[in-house]
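Engineer: Dropping in coords_21.cif, which is mmCIF, C-alpha atoms and all ligand atoms:
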```
data_input
loop_
_atom_site.label_atom_id
_atom_site.label_comp_id
_atom_site.auth_asym_id
_atom_site.auth_seq_id
_atom_site.Cartn_x
_atom_site.Cartn_y
_atom_site.Cartn_z
CA MET X 1 100.82 88.76 161.83
CA GLY X 2 97.19 89.40 160.93
CA LEU X 3 96.44 93.02 160.06
CA SER X 4 93.65 94.89 158.38
CA GLY X 5 94.20 97.85 156.09
CA LYS X 6 92.62 99.97 158.83
CA ASP X 7 95.40 99.25 161.29
CA ALA X 8 97.62 102.32 161.66
CA ARG X 9 95.80 103.74 158.61
CA LEU X 10 97.75 101.31 156.46
CA ILE X 11 95.43 101.78 153.49
CA THR X 12 93.52 105.01 152.98
CA VAL X 13 90.75 104.61 150.45
CA GLU X 14 88.28 106.64 148.47
CA LYS X 15 84.77 105.46 147.77
CA VAL X 16 84.44 103.87 144.33
CA THR X 17 81.86 105.46 142.10
CA ARG X 18 80.69 104.03 138.83
CA THR X 19 78.49 105.67 136.26
CA LYS X 20 75.98 103.97 134.05
CA LYS X 21 74.10 105.38 131.09
CA ASP X 22 70.36 105.46 131.69
CA PRO X 23 68.82 103.81 128.60
CA GLY X 24 65.80 106.16 128.66
CA SER X 25 67.36 109.58 129.11
CA GLU X 26 70.90 108.72 127.88
CA LEU X 27 72.13 110.54 130.99
CA GLU X 28 75.07 109.23 132.96
CA LYS X 29 73.87 108.09 136.37
CA VAL X 30 76.05 107.48 139.39
CA VAL X 31 75.69 103.92 140.65
CA ASP X 32 76.15 103.51 144.39
CA LEU X 33 78.23 100.41 145.15
CA GLY X 34 77.99 100.83 148.92
CA TYR X 35 81.13 100.58 150.99
CA VAL X 36 83.53 99.68 148.21
CA GLY X 37 86.77 101.63 148.11
CA GLU X 38 89.93 102.03 146.08
CA PRO X 39 93.34 102.55 147.70
CA LYS X 40 94.51 106.16 147.48
CA ALA X 41 97.43 106.06 149.86
CA VAL X 42 99.44 103.34 151.56
CA ASP X 43 101.39 104.08 154.72
CA THR X 44 104.08 101.42 154.87
CA THR X 45 105.53 102.46 158.25
CA LEU X 46 103.97 99.54 160.13
CA LEU X 47 104.73 96.98 157.40
CA ASN X 48 108.34 98.10 157.14
CA ALA X 49 108.69 97.89 160.91
CA LEU X 50 107.38 94.31 160.87
CA ILE X 51 109.39 93.20 157.86
CA THR X 52 112.63 94.59 159.21
CA ALA X 53 112.03 93.52 162.81
CA GLU X 54 114.42 91.01 164.30
CA ASP X 55 111.62 88.53 164.80
CA ASP X 56 110.53 86.98 161.55
CA TYR X 57 107.10 88.52 160.97
CA ILE X 58 105.01 87.88 157.88
CA PRO X 59 102.27 90.52 157.72
CA VAL X 60 98.94 89.18 156.41
CA VAL X 61 96.70 92.10 155.42
CA ALA X 62 92.93 91.83 155.07
CA PRO X 63 91.72 93.95 152.11
CA ILE X 64 89.87 96.54 154.16
CA GLY X 65 90.59 100.23 153.96
CA VAL X 66 89.72 103.35 155.88
CA SER X 67 88.41 106.59 154.41
CA GLN X 68 89.63 110.09 155.33
CA THR X 69 86.66 110.35 157.68
CA GLY X 70 87.26 106.97 159.33
CA GLU X 71 84.66 104.77 157.62
CA THR X 72 85.50 101.19 156.74
CA TYR X 73 85.53 100.13 153.10
CA ASN X 74 85.89 96.84 151.27
CA VAL X 75 88.59 96.78 148.63
CA ASN X 76 89.30 94.12 146.01
CA ALA X 77 92.05 91.88 147.34
CA ASP X 78 94.11 92.00 144.15
CA THR X 79 93.87 95.81 144.09
CA VAL X 80 95.15 95.94 147.67
CA ALA X 81 97.95 93.51 146.86
CA GLY X 82 98.98 95.71 143.91
CA ALA X 83 98.87 98.88 145.99
CA LEU X 84 100.94 97.31 148.78
CA ALA X 85 103.49 95.88 146.35
CA GLY X 86 103.79 99.28 144.65
CA ALA X 87 104.17 101.21 147.91
CA LEU X 88 106.77 98.76 149.23
CA GLY X 89 108.69 98.81 145.96
CA ALA X 90 108.36 95.01 145.82
CA LYS X 91 110.48 93.18 143.28
CA ARG X 92 107.94 90.41 142.86
CA MET X 93 104.25 89.89 143.49
CA LEU X 94 102.83 86.37 143.45
CA LEU X 95 99.09 85.83 143.18
CA LEU X 96 97.41 82.63 144.30
CA THR X 97 94.14 82.70 142.43
CA ASP X 98 91.56 80.59 140.59
CA VAL X 99 91.94 82.77 137.48
CA ALA X 100 94.16 81.28 134.75
CA GLY X 101 95.81 84.62 133.97
CA VAL X 102 95.80 86.84 130.91
CA LEU X 103 94.64 84.95 127.83
CA ASP X 104 95.39 85.99 124.28
CA LYS X 105 92.72 86.09 121.59
CA ASP X 106 93.13 82.37 120.93
CA GLY X 107 92.58 81.59 124.58
CA GLU X 108 96.26 80.79 125.22
CA LEU X 109 97.87 81.90 128.48
CA VAL X 110 100.19 84.88 128.03
CA ARG X 111 103.29 83.98 130.02
CA GLN X 112 105.10 87.30 129.81
CA MET X 113 103.97 90.85 129.31
CA THR X 114 105.51 94.30 129.70
CA VAL X 115 103.62 97.10 131.44
CA ALA X 116 103.15 98.80 128.07
CA GLU X 117 101.71 95.62 126.57
CA ALA X 118 99.36 95.21 129.52
CA ARG X 119 98.10 98.80 129.14
CA GLN X 120 97.60 98.26 125.43
CA ALA X 121 95.66 95.03 126.02
CA ILE X 122 93.43 96.69 128.63
CA ALA X 123 92.69 99.57 126.25
CA GLY X 124 91.93 97.08 123.46
CA ARG X 125 89.57 95.12 125.68
CA ARG X 126 87.71 98.32 126.56
CA ARG X 127 87.30 99.10 122.86
CA HIS X 128 86.40 95.64 121.66
CA GLY X 129 85.57 93.39 124.54
CA ARG X 130 83.56 94.33 127.52
CA HIS X 131 81.37 96.99 125.99
CA ASP X 132 80.85 95.24 122.68
CA PRO X 133 78.81 92.11 123.32
CA GLN X 134 78.95 91.12 119.67
CA ALA X 135 82.72 91.02 119.85
CA ARG X 136 82.35 88.51 122.64
CA ASP X 137 80.03 86.42 120.51
CA ARG X 138 82.57 86.49 117.69
CA ASP X 139 85.19 85.23 120.11
CA PRO X 140 85.70 81.53 119.32
CA ARG X 141 86.09 80.73 123.02
CA ARG X 142 82.60 82.00 123.60
CA ARG X 143 80.91 80.46 120.61
CA GLY X 144 78.13 78.18 121.71
CA ARG X 145 77.99 80.07 124.97
CA ARG X 146 75.52 82.74 125.59
CA ARG X 147 76.60 86.13 126.71
CA GLY X 148 77.40 86.56 130.37
CA SER X 149 76.58 82.96 131.07
CA GLY X 150 78.58 81.01 133.63
CA HIS X 151 77.74 77.75 131.86
CA PRO X 152 77.53 76.86 128.21
CA GLY X 153 73.99 77.21 127.04
CA ARG X 154 72.74 78.84 130.22
CA PRO X 155 71.11 82.25 129.93
CA PRO X 156 72.76 85.19 131.65
CA PRO X 157 71.40 85.68 135.14
CA ALA X 158 68.92 88.39 136.05
CA ARG X 159 70.54 90.21 138.94
CA HIS X 160 67.28 90.73 140.76
CA ALA X 161 63.56 90.14 140.39
CA GLY X 162 62.95 93.51 138.72
CA ARG X 163 65.38 92.69 135.92
CA ALA X 164 63.86 89.23 135.46
CA LEU X 165 60.39 90.77 135.17
CA HIS X 166 61.63 93.37 132.75
CA ARG X 167 63.24 90.74 130.55
CA ALA X 168 60.27 88.38 130.68
CA ARG X 169 57.98 91.23 129.64
CA ARG X 170 60.22 92.15 126.71
CA GLY X 171 60.06 88.54 125.55
CA ASP X 172 63.79 88.00 126.05
CA PRO X 173 64.49 84.60 124.46
CA ASP X 174 67.01 83.89 127.23
CA LEU X 175 64.26 84.08 129.83
CA PRO X 176 61.43 82.20 128.19
CA VAL X 177 58.80 82.44 130.84
CA ASP X 178 55.12 83.01 130.29
CA LEU X 179 53.77 85.23 133.03
CA SER X 180 50.59 86.24 131.23
CA HIS X 181 48.32 84.06 133.39
CA ILE X 182 49.90 84.99 136.75
CA ASP X 183 47.82 86.87 139.30
CA THR X 184 49.74 86.04 142.49
CA TRP X 185 53.34 87.22 142.67
CA LEU X 186 55.51 85.80 145.45
CA PHE X 187 58.86 87.39 146.10
CA ASP X 188 61.64 86.36 148.36
CA LEU X 189 63.17 89.45 150.00
CA ASP X 190 66.93 89.31 150.57
CA ASN X 191 69.07 89.12 147.43
CA THR X 192 65.88 88.98 145.35
CA LEU X 193 64.44 92.49 145.67
CA TYR X 194 67.94 93.96 145.70
CA PRO X 195 71.07 92.62 144.00
CA ALA X 196 73.42 90.35 145.90
CA GLU X 197 76.26 92.63 144.82
CA SER X 198 75.05 95.19 147.37
CA GLY X 199 76.90 93.15 149.99
CA PHE X 200 74.00 93.59 152.42
CA MET X 201 73.53 89.85 152.84
CA ALA X 202 77.21 89.49 153.73
CA ALA X 203 76.62 91.84 156.66
CA ILE X 204 73.67 89.68 157.76
CA VAL X 205 75.77 86.50 157.59
CA ASP X 206 78.52 88.22 159.54
CA ARG X 207 76.16 89.25 162.34
CA MET X 208 74.87 85.70 162.43
CA THR X 209 78.39 84.33 162.88
CA ASP X 210 78.94 86.78 165.77
CA TYR X 211 75.79 85.46 167.39
CA VAL X 212 76.52 81.75 166.87
CA GLN X 213 79.97 82.41 168.31
CA LYS X 214 78.48 84.15 171.35
CA VAL X 215 75.96 81.37 172.04
CA THR X 216 78.26 78.40 171.42
CA GLY X 217 81.61 79.82 172.49
CA LEU X 218 83.17 78.31 169.35
CA PRO X 219 86.05 79.95 167.47
CA ARG X 220 84.83 82.04 164.53
CA ASP X 221 85.60 79.55 161.74
CA GLU X 222 83.83 76.73 163.59
CA ALA X 223 80.88 78.98 164.41
CA TYR X 224 80.59 79.85 160.73
CA ALA X 225 80.74 76.17 159.75
CA LEU X 226 78.00 75.34 162.27
CA GLN X 227 75.87 78.19 160.96
CA LYS X 228 76.15 76.74 157.43
CA THR X 229 75.40 73.22 158.68
CA TYR X 230 72.17 74.42 160.31
CA LEU X 231 71.27 76.34 157.16
CA THR X 232 71.67 73.17 155.09
CA GLU X 233 69.95 70.86 157.56
CA HIS X 234 67.06 73.08 158.60
CA GLY X 235 66.74 75.64 155.80
CA LEU X 236 67.57 78.35 158.31
CA THR X 237 70.39 78.84 160.81
CA LEU X 238 67.87 80.08 163.37
CA LYS X 239 65.97 76.79 163.24
CA GLY X 240 69.11 74.83 164.18
CA MET X 241 69.90 77.34 166.93
CA MET X 242 66.38 76.92 168.32
CA ILE X 243 66.50 73.11 168.23
CA HIS X 244 70.05 72.55 169.44
CA HIS X 245 70.72 75.58 171.64
CA GLY X 246 67.27 76.65 172.82
CA VAL X 247 67.68 80.07 171.23
CA ASP X 248 64.76 82.50 171.51
CA PRO X 249 63.85 83.54 167.94
CA LEU X 250 62.97 87.09 169.03
CA GLU X 251 66.40 87.54 170.59
CA PHE X 252 68.00 86.09 167.46
CA HIS X 253 66.16 88.39 165.07
CA ALA X 254 66.91 91.45 167.18
CA ILE X 255 70.59 91.22 166.17
CA PHE X 256 69.65 92.35 162.66
CA HIS X 257 67.38 95.22 163.63
CA ASP X 258 70.11 97.83 163.76
CA LEU X 259 72.01 96.70 160.66
CA SER X 260 73.03 99.62 158.48
CA LEU X 261 70.80 99.79 155.39
CA GLU X 262 73.25 102.04 153.57
CA ALA X 263 74.09 99.37 150.98
CA LEU X 264 70.47 99.21 149.81
CA VAL X 265 69.41 101.77 147.23
CA HIS X 266 66.23 102.72 145.41
CA ASP X 267 66.01 101.04 142.04
CA PRO X 268 63.58 102.66 139.59
CA GLU X 269 63.65 99.55 137.38
CA MET X 270 62.52 97.35 140.26
CA LEU X 271 59.81 99.80 141.29
CA ALA X 272 58.44 100.09 137.74
CA ALA X 273 58.53 96.33 137.18
CA LEU X 274 56.62 95.62 140.39
CA GLU X 275 54.13 98.44 139.93
CA ARG X 276 52.83 97.17 136.63
CA LEU X 277 52.16 93.61 137.81
CA PRO X 278 48.48 92.71 137.68
CA GLY X 279 47.10 90.98 140.77
CA ARG X 280 48.53 90.74 144.25
CA ARG X 281 52.12 90.78 145.40
CA LEU X 282 53.30 88.99 148.51
CA ILE X 283 56.65 88.77 150.26
CA PHE X 284 57.64 85.24 151.26
CA THR X 285 60.75 85.50 153.42
CA ASN X 286 62.64 83.50 156.03
CA ALA X 287 63.46 86.77 157.80
CA ASP X 288 61.29 88.30 160.50
CA ASP X 289 58.72 91.07 160.08
CA VAL X 290 60.90 93.88 161.48
CA HIS X 291 63.78 93.13 159.10
CA ALA X 292 61.40 92.82 156.15
CA GLU X 293 59.74 96.16 156.91
CA ARG X 294 63.08 97.93 157.35
CA VAL X 295 64.40 96.60 154.04
CA LEU X 296 61.19 97.25 152.10
CA THR X 297 60.93 100.79 153.47
CA ARG X 298 64.54 101.50 152.63
CA LEU X 299 64.03 100.19 149.08
CA GLY X 300 60.84 102.26 148.74
CA LEU X 301 58.80 99.16 147.87
CA GLY X 302 56.77 98.59 151.05
CA HIS X 303 53.51 99.99 149.65
CA LEU X 304 53.48 97.50 146.77
CA PHE X 305 52.89 94.36 148.82
CA ASP X 306 49.60 93.03 150.17
CA ASP X 307 51.35 91.10 152.90
CA VAL X 308 54.74 90.16 154.26
CA PHE X 309 54.64 86.44 155.01
CA HIS X 310 57.63 86.16 157.34
CA ILE X 311 59.17 83.44 159.48
CA GLY X 312 56.79 84.22 162.35
CA SER X 313 53.76 83.92 160.05
CA ALA X 314 55.09 80.52 158.99
CA GLY X 315 55.29 79.33 162.61
CA TYR X 316 59.09 79.25 162.28
CA TRP X 317 58.94 76.73 159.45
CA PRO X 318 61.43 78.15 156.95
CA LYS X 319 61.51 77.72 153.20
CA PRO X 320 62.18 75.18 151.70
CA SER X 321 60.16 73.09 154.18
CA PRO X 322 56.81 71.92 152.76
CA GLU X 323 55.18 73.32 155.92
CA ALA X 324 56.23 76.86 154.99
CA PHE X 325 54.61 76.51 151.56
CA ALA X 326 51.50 74.91 153.03
CA ARG X 327 51.14 77.77 155.50
CA ILE X 328 51.48 80.59 152.99
CA GLY X 329 49.12 78.63 150.74
CA ALA X 330 46.54 78.46 153.52
CA ALA X 331 46.94 82.04 154.68
CA HIS X 332 46.56 83.51 151.20
CA ALA X 333 44.61 80.85 149.28
CA VAL X 334 47.50 80.55 146.86
CA ASP X 335 46.66 78.73 143.62
CA PRO X 336 50.00 77.44 142.29
CA ALA X 337 48.72 77.40 138.71
CA VAL X 338 48.50 81.20 138.64
CA THR X 339 51.39 81.94 141.01
CA ALA X 340 54.95 82.94 140.16
CA PHE X 341 57.74 82.79 142.74
CA PHE X 342 60.95 84.80 142.42
CA GLU X 343 63.89 83.64 144.54
CA ASP X 344 67.68 83.72 144.62
CA SER X 345 67.80 80.27 146.24
CA GLU X 346 67.39 77.27 144.01
CA ARG X 347 66.66 75.11 147.04
CA ASN X 348 63.76 77.33 148.04
CA LEU X 349 62.32 77.24 144.54
CA ALA X 350 62.23 73.46 144.31
CA PRO X 351 59.07 72.93 146.41
CA ALA X 352 57.33 75.75 144.54
CA HIS X 353 58.20 74.06 141.27
CA ASP X 354 56.86 70.76 142.59
CA LEU X 355 53.62 72.48 143.59
CA GLY X 356 53.21 73.71 140.03
CA MET X 357 54.15 77.34 140.51
CA THR X 358 56.07 79.21 137.85
CA THR X 359 59.53 79.70 139.34
CA VAL X 360 62.17 82.25 138.47
CA LEU X 361 65.69 82.01 139.85
CA VAL X 362 67.45 85.37 140.09
CA GLY X 363 70.85 86.59 141.21
CA PRO X 364 74.46 85.84 140.40
CA TRP X 365 74.09 82.12 141.07
CA ALA X 366 71.35 81.69 138.47
CA ALA X 367 74.02 81.31 135.79
CA GLN X 368 75.65 78.41 137.61
CA SER X 369 72.40 76.61 138.23
CA HIS X 370 71.24 73.60 136.31
CA ALA X 371 67.79 73.75 137.83
CA PRO X 372 64.82 74.29 135.56
CA LEU X 373 64.90 78.07 135.51
CA CYS X 374 61.34 78.67 134.48
CA PRO X 375 59.35 75.50 134.08
CA PRO X 376 56.61 75.97 131.54
CA PRO X 377 53.59 76.99 133.53
CA HIS X 378 50.89 74.36 133.98
CA ARG X 379 53.25 71.59 132.99
CA GLN X 380 53.45 70.35 136.52
CA ALA X 381 50.43 72.17 137.78
CA ARG X 382 48.54 70.09 140.27
CA ALA X 383 45.70 71.29 142.34
CA VAL X 384 47.10 71.38 145.84
CA PRO X 385 44.38 72.18 148.31
CA ALA X 386 45.36 75.23 150.28
CA GLY X 387 46.74 74.35 153.65
CA ARG X 388 47.81 70.85 152.84
CA ALA X 389 51.48 70.05 152.67
CA PRO X 390 52.67 68.80 149.31
CA THR X 391 53.54 65.13 149.30
MG MG H 1 67.05 85.38 149.39
#
```
In structure tokens, write the structure found in this file.
Ligand SMILES: [Mg+2]
Structural biologist:
Amino acid sequence: MGLSGKDARLITVEKVTRTKKDPGSELEKVVDLGYVGEPKAVDTTLLNALITAEDDYIPVVAPIGVSQTGETYNVNADTVAGALAGALGAKRMLLLTDVAGVLDKDGELVRQMTVAEARQAIAGRRRHGRHDPQARDRDPRRRGRRRGSGHPGRPPPARHAGRALHRARRGDPDLPVDLSHIDTWLFDLDNTLYPAESGFMAAIVDRMTDYVQKVTGLPRDEAYALQKTYLTEHGLTLKGMMIHHGVDPLEFHAIFHDLSLEALVHDPEMLAALERLPGRRLIFTNADDVHAERVLTRLGLGHLFDDVFHIGSAGYWPKPSPEAFARIGAAHAVDPAVTAFFEDSERNLAPAHDLGMTTVLVGPWAAQSHAPLCPPPHRQARAVPAGRAPT
């Protein structure tokens, strides 16, 4: 039986807060993680009723919790599983996961561990592992790998454009990009000007699935699959919905106009990084103008951009189509040789790279990418007359 942790107040949560030391002032700052919670109480009444019922019910619980005041929070699935197992007094807990398990210092799987040993190992990792990057470099399993990298030899990802700019300016050897000649700064919006970890994009995708489901009448999983197919085929779900279902783009975009912006927070690092850029800054997004303005205003970055080049400006030609690049090129006389483009989508960066722009991939996926992260500027620079599609 499918349940969520909200049903019958199964899982009561408290908002998770994390603190981070500000490198400038050395003060501890509270980092807002949005609607992420930790279980505080588990009411097993409903579960016990199901488990002990005459019919053979297997409760399947989605890792969602409810706060004292009734708000919905996301909770890590393994944390929820642990809390449920504890509250039920379970004898065994089995995890199906893509993580190997606990590894010892030689990288061997630890097959058995007491609670005391686990606590000791966690404390040891806090002392030597996570907060001591050099310890990680000394670790033989990580030798030849750079810190935080998902792939051997790949640099750690910059979580958003502000961090990438900051690192490039500092001359970080892991982000060897020359931005000294750039005078036009193109930025994607979603998951580029705020970190993907905010979860905001997930809410967008969710709304989109609701809509595809409404228009097509498909079950949710099939609607989601169709949404992804259109995204792959057309660069944008909306484009597929327009072509195959005659959807009105204005009606489609309206579904995002009342999305909660709570997950998006001001980021002083982003603001400072953008402020000091010489030249003009432009937004280049597949979203519509209303969404872009809402997000930029919420992030406190709206005043920094000369223009928001949105899906309407592009005549509903989304990135990565050559038409989208040709249109922004024409509208703003973009010279690729002095233009840098920051994006969280590798696919959307490819045409920019081909045009000769300096491209910077940001976000959690950057570590997994094998794409040229920052091609040396000018290497592929070709004069592409503004307004003409690249060939
Ligand atoms: Mg994006």
Engineer: Can you tell me which residues sit at most 10 Å away from ligand MG 1 (chain H), counting only C-alpha atoms and all ligand atoms, written as an MDAnalysis selection string?
Structural biologist: chainID X and resid 187:196 201 284:287 342:346 348 362:363
Engineer: Report the distance between atom CA of Lys228 of chain X and atom CA of Val247 of chain X in Å, rounded to one decimal place.
Structural biologist: 16.5 Å
Engineer: Given the choices X:His181, X:Arg163, X:Lys6, X:His291, which gets closest to Gly65 of chain X if the distance is worked out from all atoms listed in the file?
Structural biologist: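 When distances to Gly65 of chain X are compared using all atoms listed in the file, the smallest one comes from X:Lys6.
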Engineer: What does the distance between atom CA of Asp22 of chain X and atom CA of Arg167 of chain X come to in Å, to one decimal place?
Structural biologist: 16.4 Å
Engineer: Extract, using all atoms listed in the file, all DNA, RNA and protein residues at most 6 Å from segment 79-96 of chain X, discarding same-chain residues fewer than 2 positions from it, and format them as a PDB file with C-alpha atoms, keeping the file's coordinate frame.
Structural biologist:
```pdb
ATOM      1  CA  PRO X  63      91.720  93.950 152.110  1.00  0.00           C
ATOM      2  CA  ASN X  76      89.300  94.120 146.010  1.00  0.00           C
ATOM      3  CA  ALA X  77      92.050  91.880 147.340  1.00  0.00           C
TER       4      ALA X  77
END
```
Engineer: For the point (75.4, 83.9, 156.4) in the file's frame, write as a PyMOL selection string all residues with an atom no more than 9 Å away, counting only C-alpha atoms.
Structural biologist: chain X and resi 201-209+224+227-228+231+237
Engineer: So, counting all atoms listed in the file, which residue among X:Ala352, X:Leu103, X:Met1, X:Leu27 is closest to Val338 of chain X?
Structural biologist: X:Ala352
Engineer: Can you give me N, CA and C atoms for segment 3-29 of chain X, written as a PDB file, in the frame of the given file?
Structural biologist:
```
ATOM      1  N   LEU X   3      96.736  91.587 160.007  1.00  0.00           N
ATOM      2  CA  LEU X   3      96.440  93.020 160.060  1.00  0.00           C
ATOM      3  C   LEU X   3      95.258  93.304 159.143  1.00  0.00           C
ATOM      4  N   SER X   4      94.618  94.429 159.373  1.00  0.00           N
ATOM      5  CA  SER X   4      93.650  94.890 158.380  1.00  0.00           C
ATOM      6  C   SER X   4      94.196  96.209 157.857  1.00  0.00           C
ATOM      7  N   GLY X   5      93.738  96.592 156.690  1.00  0.00           N
ATOM      8  CA  GLY X   5      94.200  97.850 156.090  1.00  0.00           C
ATOM      9  C   GLY X   5      93.844  99.067 156.918  1.00  0.00           C
ATOM     10  N   LYS X   6      92.996  98.848 157.945  1.00  0.00           N
ATOM     11  CA  LYS X   6      92.620  99.970 158.830  1.00  0.00           C
ATOM     12  C   LYS X   6      93.677 100.198 159.908  1.00  0.00           C
ATOM     13  N   ASP X   7      94.425  99.129 160.216  1.00  0.00           N
ATOM     14  CA  ASP X   7      95.400  99.250 161.290  1.00  0.00           C
ATOM     15  C   ASP X   7      96.448 100.303 160.939  1.00  0.00           C
ATOM     16  N   ALA X   8      96.634 101.240 161.834  1.00  0.00           N
ATOM     17  CA  ALA X   8      97.620 102.320 161.660  1.00  0.00           C
ATOM     18  C   ALA X   8      97.409 103.039 160.327  1.00  0.00           C
ATOM     19  N   ARG X   9      96.153 103.104 159.891  1.00  0.00           N
ATOM     20  CA  ARG X   9      95.800 103.740 158.610  1.00  0.00           C
ATOM     21  C   ARG X   9      96.716 103.251 157.492  1.00  0.00           C
ATOM     22  N   LEU X  10      96.892 101.931 157.461  1.00  0.00           N
ATOM     23  CA  LEU X  10      97.750 101.310 156.460  1.00  0.00           C
ATOM     24  C   LEU X  10      97.271 101.658 155.045  1.00  0.00           C
ATOM     25  N   ILE X  11      95.973 101.497 154.833  1.00  0.00           N
ATOM     26  CA  ILE X  11      95.430 101.780 153.490  1.00  0.00           C
ATOM     27  C   ILE X  11      94.320 102.817 153.593  1.00  0.00           C
ATOM     28  N   THR X  12      94.567 103.993 153.037  1.00  0.00           N
ATOM     29  CA  THR X  12      93.520 105.010 152.980  1.00  0.00           C
ATOM     30  C   THR X  12      92.815 104.873 151.634  1.00  0.00           C
ATOM     31  N   VAL X  13      91.498 104.853 151.681  1.00  0.00           N
ATOM     32  CA  VAL X  13      90.750 104.610 150.450  1.00  0.00           C
ATOM     33  C   VAL X  13      89.813 105.767 150.137  1.00  0.00           C
ATOM     34  N   GLU X  14      89.363 105.759 148.883  1.00  0.00           N
ATOM     35  CA  GLU X  14      88.280 106.640 148.470  1.00  0.00           C
ATOM     36  C   GLU X  14      87.152 105.765 147.990  1.00  0.00           C
ATOM     37  N   LYS X  15      85.942 106.219 148.210  1.00  0.00           N
ATOM     38  CA  LYS X  15      84.770 105.460 147.770  1.00  0.00           C
ATOM     39  C   LYS X  15      84.801 105.311 146.254  1.00  0.00           C
ATOM     40  N   VAL X  16      84.482 104.113 145.782  1.00  0.00           N
ATOM     41  CA  VAL X  16      84.440 103.870 144.330  1.00  0.00           C
ATOM     42  C   VAL X  16      83.096 104.341 143.808  1.00  0.00           C
ATOM     43  N   THR X  17      83.134 105.109 142.742  1.00  0.00           N
ATOM     44  CA  THR X  17      81.860 105.460 142.100  1.00  0.00           C
ATOM     45  C   THR X  17      81.915 104.974 140.660  1.00  0.00           C
ATOM     46  N   ARG X  18      80.802 104.471 140.208  1.00  0.00           N
ATOM     47  CA  ARG X  18      80.690 104.030 138.830  1.00  0.00           C
ATOM     48  C   ARG X  18      79.535 104.767 138.200  1.00  0.00           C
ATOM     49  N   THR X  19      79.630 105.048 136.930  1.00  0.00           N
ATOM     50  CA  THR X  19      78.490 105.670 136.260  1.00  0.00           C
ATOM     51  C   THR X  19      77.938 104.718 135.221  1.00  0.00           C
ATOM     52  N   LYS X  20      76.669 104.859 134.968  1.00  0.00           N
ATOM     53  CA  LYS X  20      75.980 103.970 134.050  1.00  0.00           C
ATOM     54  C   LYS X  20      75.056 104.839 133.223  1.00  0.00           C
ATOM     55  N   LYS X  21      74.977 104.558 131.929  1.00  0.00           N
ATOM     56  CA  LYS X  21      74.100 105.380 131.090  1.00  0.00           C
ATOM     57  C   LYS X  21      72.673 104.886 131.232  1.00  0.00           C
ATOM     58  N   ASP X  22      71.768 105.808 131.579  1.00  0.00           N
ATOM     59  CA  ASP X  22      70.360 105.460 131.690  1.00  0.00           C
ATOM     60  C   ASP X  22      69.805 105.282 130.284  1.00  0.00           C
ATOM     61  N   PRO X  23      69.251 104.080 129.969  1.00  0.00           N
ATOM     62  CA  PRO X  23      68.820 103.810 128.600  1.00  0.00           C
ATOM     63  C   PRO X  23      67.715 104.773 128.128  1.00  0.00           C
ATOM     64  N   GLY X  24      66.881 105.248 129.043  1.00  0.00           N
ATOM     65  CA  GLY X  24      65.800 106.160 128.660  1.00  0.00           C
ATOM     66  C   GLY X  24      66.311 107.540 128.308  1.00  0.00           C
ATOM     67  N   SER X  25      66.988 108.174 129.278  1.00  0.00           N
ATOM     68  CA  SER X  25      67.360 109.580 129.110  1.00  0.00           C
ATOM     69  C   SER X  25      68.749 109.747 128.498  1.00  0.00           C
ATOM     70  N   GLU X  26      69.509 108.647 128.385  1.00  0.00           N
ATOM     71  CA  GLU X  26      70.900 108.720 127.880  1.00  0.00           C
ATOM     72  C   GLU X  26      71.801 109.513 128.826  1.00  0.00           C
ATOM     73  N   LEU X  27      71.312 109.778 130.040  1.00  0.00           N
ATOM     74  CA  LEU X  27      72.130 110.540 130.990  1.00  0.00           C
ATOM     75  C   LEU X  27      73.005 109.571 131.771  1.00  0.00           C
ATOM     76  N   GLU X  28      74.190 110.036 132.129  1.00  0.00           N
ATOM     77  CA  GLU X  28      75.070 109.230 132.960  1.00  0.00           C
ATOM     78  C   GLU X  28      74.537 109.285 134.396  1.00  0.00           C
ATOM     79  N   LYS X  29      74.344 108.120 134.992  1.00  0.00           N
ATOM     80  CA  LYS X  29      73.870 108.090 136.370  1.00  0.00           C
ATOM     81  C   LYS X  29      74.959 107.509 137.247  1.00  0.00           C
TER      82      LYS X  29
END
```
